[in-house]
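A short worksheet on the structure shown next.
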Amino acid sequence: ALGKEAQRHSRAGSLVPDSLVFEVLAPLLKGELLSKTHGGGGQGVDLDGGGGGGFILDGFPRTVAQAQRLQELCPVDRVVSIAMPEDMLIRKSVARRVCPECNVSFNLEHIDEPDFYMPAVLPQPGTQCTTCRSVIATGSTGAYLHREDDTEETVRARLDVFKAQTGPVAEWYESELPDVFRRIDITGGARVMTPVFEAALGVGQRARL
């Protein structure tokens, strides 16, 4: 029921209400998740190479109120704010497709412009998915699904909400927790940006931002 309610807000391009977010997240932060990632026996991501584990909250918090509540429940070690040119973001978002068989997401938009290179993301040879193998063989991506919330109208609505509600989150972290805050500008695809993200997160390093 909680998942369906959250999905309803997401498809409309609006943020999931804080009360619903923390109804799901708070028990995890207080209980099982923290015990696994910080108790030495879990499967958390080892961010600093020290074997202590950890976890990443992707796309959260989205409001200043959420950031403040999160800090009360579980103080964060690092905050990375990611920015991407709006026109590029819209092009990539609208071009997202999902395989109906294996549920993997792909992207049909290939962007190659000055100071910005982000190729299309298509299935790789060797996949076991029959739909993806067909795409590789025929070159036709028509079998992939276009999510109903990946229209330009909905993406622009998401961006408007982001500017109004999520933009101030970065300013709050930069002001209140400058030692853990880092801004990153997206200039390319995974091959270009992965080392940048790893450095920002301190993956395999003991040093923090």
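Just remember, in the structure tokens the first chain shown is A, the second B, etc., residues are 1-based per chain, and ligands are 1-based in the order shown.
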How close does each residue of range 106-204 of chain A get to range 71-95 of chain A, giving the shortest atom pair and distance in Å to one decimal for every residue with an atom at most 8 Å away, counting only C-alpha atoms, sorted by chain and residue number, as a tab-separated table?
```
residue	atom	partner	partner_atom	distance
A:Asn107	CA	A:Ala95	CA	5.5
A:Leu108	CA	A:Ala95	CA	5.3
A:Glu109	CA	A:Ala95	CA	5.6
A:Ile111	CA	A:Met88	CA	7.9
A:Asp150	CA	A:Val94	CA	5.1
A:Thr151	CA	A:Val94	CA	5.6
A:Glu152	CA	A:Val94	CA	6.0
A:Val155	CA	A:Ile90	CA	6.6
A:Arg156	CA	A:Ile90	CA	7.4
A:Ala170	CA	A:Ser81	CA	6.4
A:Tyr173	CA	A:Val79	CA	7.6
A:Val180	CA	A:Arg78	CA	4.6
A:Phe181	CA	A:Val79	CA	4.8
A:Arg182	CA	A:Val80	CA	4.9
A:Arg183	CA	A:Ser81	CA	4.7
A:Ile184	CA	A:Ile82	CA	4.9
A:Asp185	CA	A:Ala83	CA	4.8
A:Ile186	CA	A:Met84	CA	5.0
A:Thr187	CA	A:Met84	CA	7.4
A:Ala200	CA	A:Val80	CA	7.1
A:Leu201	CA	A:Arg78	CA	6.7
```
Strand (DSSP E) call set, DSSP backbone run, range 127-199 of chain A, as a list in words =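 After running DSSP on the backbone, range 127-199 of chain A has strand (DSSP E) at Phe181, Arg182, Arg183, Ile184 and Asp185 of chain A.
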Convert the current residue selection to file output with N, CA, C and O atoms, as a PDB file, in the first residue's frame.
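As a result, again-v4.pdb now contains:
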```
ATOM      1  N   PHE A 181      30.025  18.027   2.134  1.00  0.00           N
ATOM      2  CA  PHE A 181      29.275  18.365   0.923  1.00  0.00           C
ATOM      3  C   PHE A 181      30.184  18.504  -0.294  1.00  0.00           C
ATOM      4  O   PHE A 181      31.276  19.045  -0.210  1.00  0.00           O
ATOM      5  N   ARG A 182      29.695  18.021  -1.451  1.00  0.00           N
ATOM      6  CA  ARG A 182      30.449  18.126  -2.704  1.00  0.00           C
ATOM      7  C   ARG A 182      29.484  18.293  -3.877  1.00  0.00           C
ATOM      8  O   ARG A 182      28.478  17.584  -3.958  1.00  0.00           O
ATOM      9  N   ARG A 183      29.752  19.230  -4.774  1.00  0.00           N
ATOM     10  CA  ARG A 183      28.973  19.392  -6.001  1.00  0.00           C
ATOM     11  C   ARG A 183      29.710  18.750  -7.165  1.00  0.00           C
ATOM     12  O   ARG A 183      30.933  18.897  -7.297  1.00  0.00           O
ATOM     13  N   ILE A 184      28.959  18.078  -8.042  1.00  0.00           N
ATOM     14  CA  ILE A 184      29.536  17.461  -9.231  1.00  0.00           C
ATOM     15  C   ILE A 184      28.689  17.840 -10.443  1.00  0.00           C
ATOM     16  O   ILE A 184      27.467  17.684 -10.434  1.00  0.00           O
ATOM     17  N   ASP A 185      29.344  18.320 -11.500  1.00  0.00           N
ATOM     18  CA  ASP A 185      28.659  18.623 -12.756  1.00  0.00           C
ATOM     19  C   ASP A 185      28.830  17.449 -13.709  1.00  0.00           C
ATOM     20  O   ASP A 185      29.964  17.012 -13.985  1.00  0.00           O
TER      21      ASP A 185
END
```
ask   = Contacts of Pro100 in chain A at 12 Å or less, counting only C-alpha atoms, minus same-chain residues fewer than 6 places along, as an MDAnalysis selection string?
value = chainID A and resid 106 129:132 141:147
ask   = To one decimal place, how far is CA of Gln66 in chain A from CA of Glu23 in chain A in Å?
value =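 Computing the Euclidean distance for CA of Gln66 in chain A and CA of Glu23 in chain A yields 12.1 Å.
Counting from CA of Ala120 in chain A, the distance to CA of Gly188 in chain A is 11.2 Å.
The space separating CA of Ala67 in chain A from CA of Val16 in chain A comes to 14.2 Å.
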